[in-house]
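Here the structure is laid out as structure tokens; the discussion comes afterwards.
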Amino acid sequence: IRDGLVNFAMIVSTQYQKRGIGKTLIEKAKQEHDCLYGWVVTGSDYVKLNGQAYNSPMAFYRKNEFEVIENEIFETPQLKTVRIKWCENFSPI
């Protein structure tokens, strides 16, 4: 908990993605909390240290009912992220 908000961070290794691990972790966190907040890399133009392209997990979080908070951005010369949130009973307009 930071600033009264339940923040989470999750990194699933590329070799384990697309197996439902991330979804299972998110569902467990949703069972434990009414709202979740995190930061997500916004673009896919980043490269990992091993030379592989970094794929933003934004689509994953949107598919799992997270809302993008467009006006909360953290940006450095190397990285741009945006805050996301999920709250129980949230209904986008």
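Each chain in the structure tokens gets a letter, A, B, ..., in the order shown, and its residues are numbered from 1; ligands are numbered from 1 in order too.
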Checklist entry - How would you write, as a list in words, the set of residues in segment 1-65 of chain A that DSSP gives as strand (DSSP E or B)? => result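 So the strand (DSSP E or B) residues in segment 1-65 of chain A would be Arg2, Leu5, Asn7, Cys35, Leu36, Tyr37, Gly38, Trp39, Val40, Val41, Tyr46, Val47, Ala53 and Tyr54 of chain A.
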Please, could you write that set of residues out with all heavy atoms as a CSV table (one decimal), in the first residue's frame?
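File out03.csv, as written:
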chain,number,residue,atom,x,y,z
A,2,ARG,N,0.6,2.1,-0.9
A,2,ARG,CA,1.4,3.4,-1.0
A,2,ARG,C,0.4,4.5,-1.3
A,2,ARG,O,-0.4,4.4,-2.2
A,2,ARG,CB,2.4,3.2,-2.2
A,2,ARG,CG,3.3,4.4,-2.3
A,2,ARG,CD,4.3,4.1,-3.4
A,2,ARG,NE,5.3,5.2,-3.4
A,2,ARG,CZ,6.3,5.2,-4.2
A,2,ARG,NH1,6.5,4.3,-5.1
A,2,ARG,NH2,7.2,6.2,-4.1
A,5,LEU,N,-3.2,3.5,-1.6
A,5,LEU,CA,-3.6,2.7,-2.8
A,5,LEU,C,-2.9,1.4,-2.8
A,5,LEU,O,-1.7,1.3,-2.5
A,5,LEU,CB,-3.3,3.4,-4.1
A,5,LEU,CG,-3.9,4.9,-4.3
A,5,LEU,CD1,-3.4,5.5,-5.6
A,5,LEU,CD2,-5.4,4.8,-4.2
A,7,ASN,N,-1.0,-1.0,-4.7
A,7,ASN,CA,-0.2,-1.0,-5.9
A,7,ASN,C,0.4,-2.4,-6.1
A,7,ASN,O,0.7,-3.1,-5.1
A,7,ASN,CB,1.0,0.0,-5.8
A,7,ASN,CG,0.5,1.4,-5.9
A,7,ASN,OD1,0.3,1.9,-7.0
A,7,ASN,ND2,0.3,2.0,-4.8
A,35,CYS,N,-9.6,-2.6,-5.1
A,35,CYS,CA,-9.0,-1.8,-6.2
A,35,CYS,C,-7.5,-2.1,-6.2
A,35,CYS,O,-6.9,-2.4,-5.2
A,35,CYS,CB,-9.1,-0.3,-5.9
A,35,CYS,SG,-10.8,0.4,-6.2
A,36,LEU,N,-7.0,-2.1,-7.4
A,36,LEU,CA,-5.6,-2.4,-7.7
A,36,LEU,C,-5.1,-1.3,-8.6
A,36,LEU,O,-5.7,-0.9,-9.6
A,36,LEU,CB,-5.4,-3.8,-8.4
A,36,LEU,CG,-5.9,-5.0,-7.6
A,36,LEU,CD1,-5.8,-6.2,-8.6
A,36,LEU,CD2,-5.0,-5.2,-6.4
A,37,TYR,N,-3.8,-0.9,-8.4
A,37,TYR,CA,-3.2,0.1,-9.2
A,37,TYR,C,-1.8,-0.4,-9.6
A,37,TYR,O,-1.1,-1.1,-8.8
A,37,TYR,CB,-3.0,1.4,-8.4
A,37,TYR,CG,-4.3,2.1,-8.1
A,37,TYR,CD1,-5.1,1.8,-7.0
A,37,TYR,CD2,-4.8,3.2,-8.9
A,37,TYR,CE1,-6.3,2.4,-6.8
A,37,TYR,CE2,-6.0,3.8,-8.7
A,37,TYR,CZ,-6.7,3.4,-7.6
A,37,TYR,OH,-7.9,4.0,-7.3
A,38,GLY,N,-1.4,0.0,-10.8
A,38,GLY,CA,0.0,-0.3,-11.2
A,38,GLY,C,0.4,0.6,-12.3
A,38,GLY,O,-0.3,1.6,-12.7
A,39,TRP,N,1.6,0.4,-12.8
A,39,TRP,CA,2.2,1.2,-13.9
A,39,TRP,C,2.5,0.3,-15.0
A,39,TRP,O,3.1,-0.8,-14.8
A,39,TRP,CB,3.4,1.9,-13.4
A,39,TRP,CG,3.2,3.0,-12.4
A,39,TRP,CD1,3.2,2.8,-11.1
A,39,TRP,CD2,2.8,4.3,-12.7
A,39,TRP,NE1,2.8,4.0,-10.5
A,39,TRP,CE2,2.6,5.0,-11.4
A,39,TRP,CE3,2.6,5.1,-13.8
A,39,TRP,CZ2,2.2,6.3,-11.3
A,39,TRP,CZ3,2.2,6.4,-13.7
A,39,TRP,CH2,2.1,7.0,-12.5
A,40,VAL,N,2.2,0.7,-16.3
A,40,VAL,CA,2.5,-0.2,-17.4
A,40,VAL,C,3.2,0.6,-18.5
A,40,VAL,O,2.9,1.8,-18.8
A,40,VAL,CB,1.1,-0.7,-18.0
A,40,VAL,CG1,1.4,-1.5,-19.3
A,40,VAL,CG2,0.4,-1.5,-17.0
A,41,VAL,N,4.2,0.0,-19.1
A,41,VAL,CA,4.9,0.6,-20.2
A,41,VAL,C,4.0,0.8,-21.3
A,41,VAL,O,3.2,-0.2,-21.7
A,41,VAL,CB,6.1,-0.3,-20.6
A,41,VAL,CG1,6.8,0.2,-21.9
A,41,VAL,CG2,7.1,-0.5,-19.5
A,46,TYR,N,10.5,-0.5,-27.3
A,46,TYR,CA,11.6,-0.7,-26.4
A,46,TYR,C,12.3,-2.1,-26.7
A,46,TYR,O,11.7,-3.0,-27.2
A,46,TYR,CB,11.2,-0.7,-24.9
A,46,TYR,CG,10.6,0.6,-24.5
A,46,TYR,CD1,9.2,0.8,-24.4
A,46,TYR,CD2,11.4,1.7,-24.3
A,46,TYR,CE1,8.7,2.0,-24.0
A,46,TYR,CE2,10.8,2.9,-24.0
A,46,TYR,CZ,9.5,3.1,-23.8
A,46,TYR,OH,8.9,4.3,-23.5
A,47,VAL,N,13.6,-2.1,-26.4
A,47,VAL,CA,14.4,-3.4,-26.6
A,47,VAL,C,15.0,-3.8,-25.3
A,47,VAL,O,15.5,-3.0,-24.5
A,47,VAL,CB,15.5,-3.1,-27.6
A,47,VAL,CG1,16.3,-4.4,-27.9
A,47,VAL,CG2,14.9,-2.6,-29.0
A,53,ALA,N,12.6,-7.5,-28.7
A,53,ALA,CA,11.7,-6.4,-28.5
A,53,ALA,C,10.9,-6.6,-27.3
A,53,ALA,O,10.6,-7.8,-26.9
A,53,ALA,CB,10.7,-6.4,-29.8
A,54,TYR,N,10.6,-5.5,-26.6
A,54,TYR,CA,9.7,-5.6,-25.4
A,54,TYR,C,8.3,-5.3,-25.8
A,54,TYR,O,8.0,-4.3,-26.5
A,54,TYR,CB,10.1,-4.5,-24.4
A,54,TYR,CG,9.2,-4.5,-23.2
A,54,TYR,CD1,9.4,-5.4,-22.2
A,54,TYR,CD2,8.2,-3.6,-23.1
A,54,TYR,CE1,8.5,-5.4,-21.1
A,54,TYR,CE2,7.3,-3.6,-22.0
A,54,TYR,CZ,7.5,-4.5,-21.0
A,54,TYR,OH,6.6,-4.5,-20.0
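For Phe60 of chain A, the residues within 12 Å (counting only C-alpha atoms, excluding itself and residues fewer than 4 positions away along the chain) are Met10, Val12, Gln17, Lys18, Gly20, Ile21, Gly22, Lys23, Ile26, Val40, Val41, Asn55, Ser56, Asn64, Glu65, Phe66, Glu67 and Ile84 of chain A.
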Next on the checklist: Going by DSSP on the backbone, which residues of chain A come out as helix (DSSP H, G or I)? List them as number ranges by chain.
Outcome noted: A: 14-16, 21-32, 58-63
Next on the checklist: Let me make sure I understand: among A:Thr42, A:Gly4, A:Lys63, A:Leu25, which one has the smallest atom-to-atom distance to Arg83 of chain A if we use only C-alpha atoms?
Outcome noted: A:Thr42
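Considering the residues A:Ala29, A:Gly43, A:Thr76, A:Val68 and counting only C-alpha atoms, Ala9 of chain A has its shortest atom-to-atom contact with A:Ala29.
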Next on the checklist: Please determine, counting only C-alpha atoms, which residue among A:Thr14, A:Glu88, A:Ala59, A:Phe74 has the shortest atom-to-atom distance to Glu27 of chain A.
Outcome noted: A:Glu88
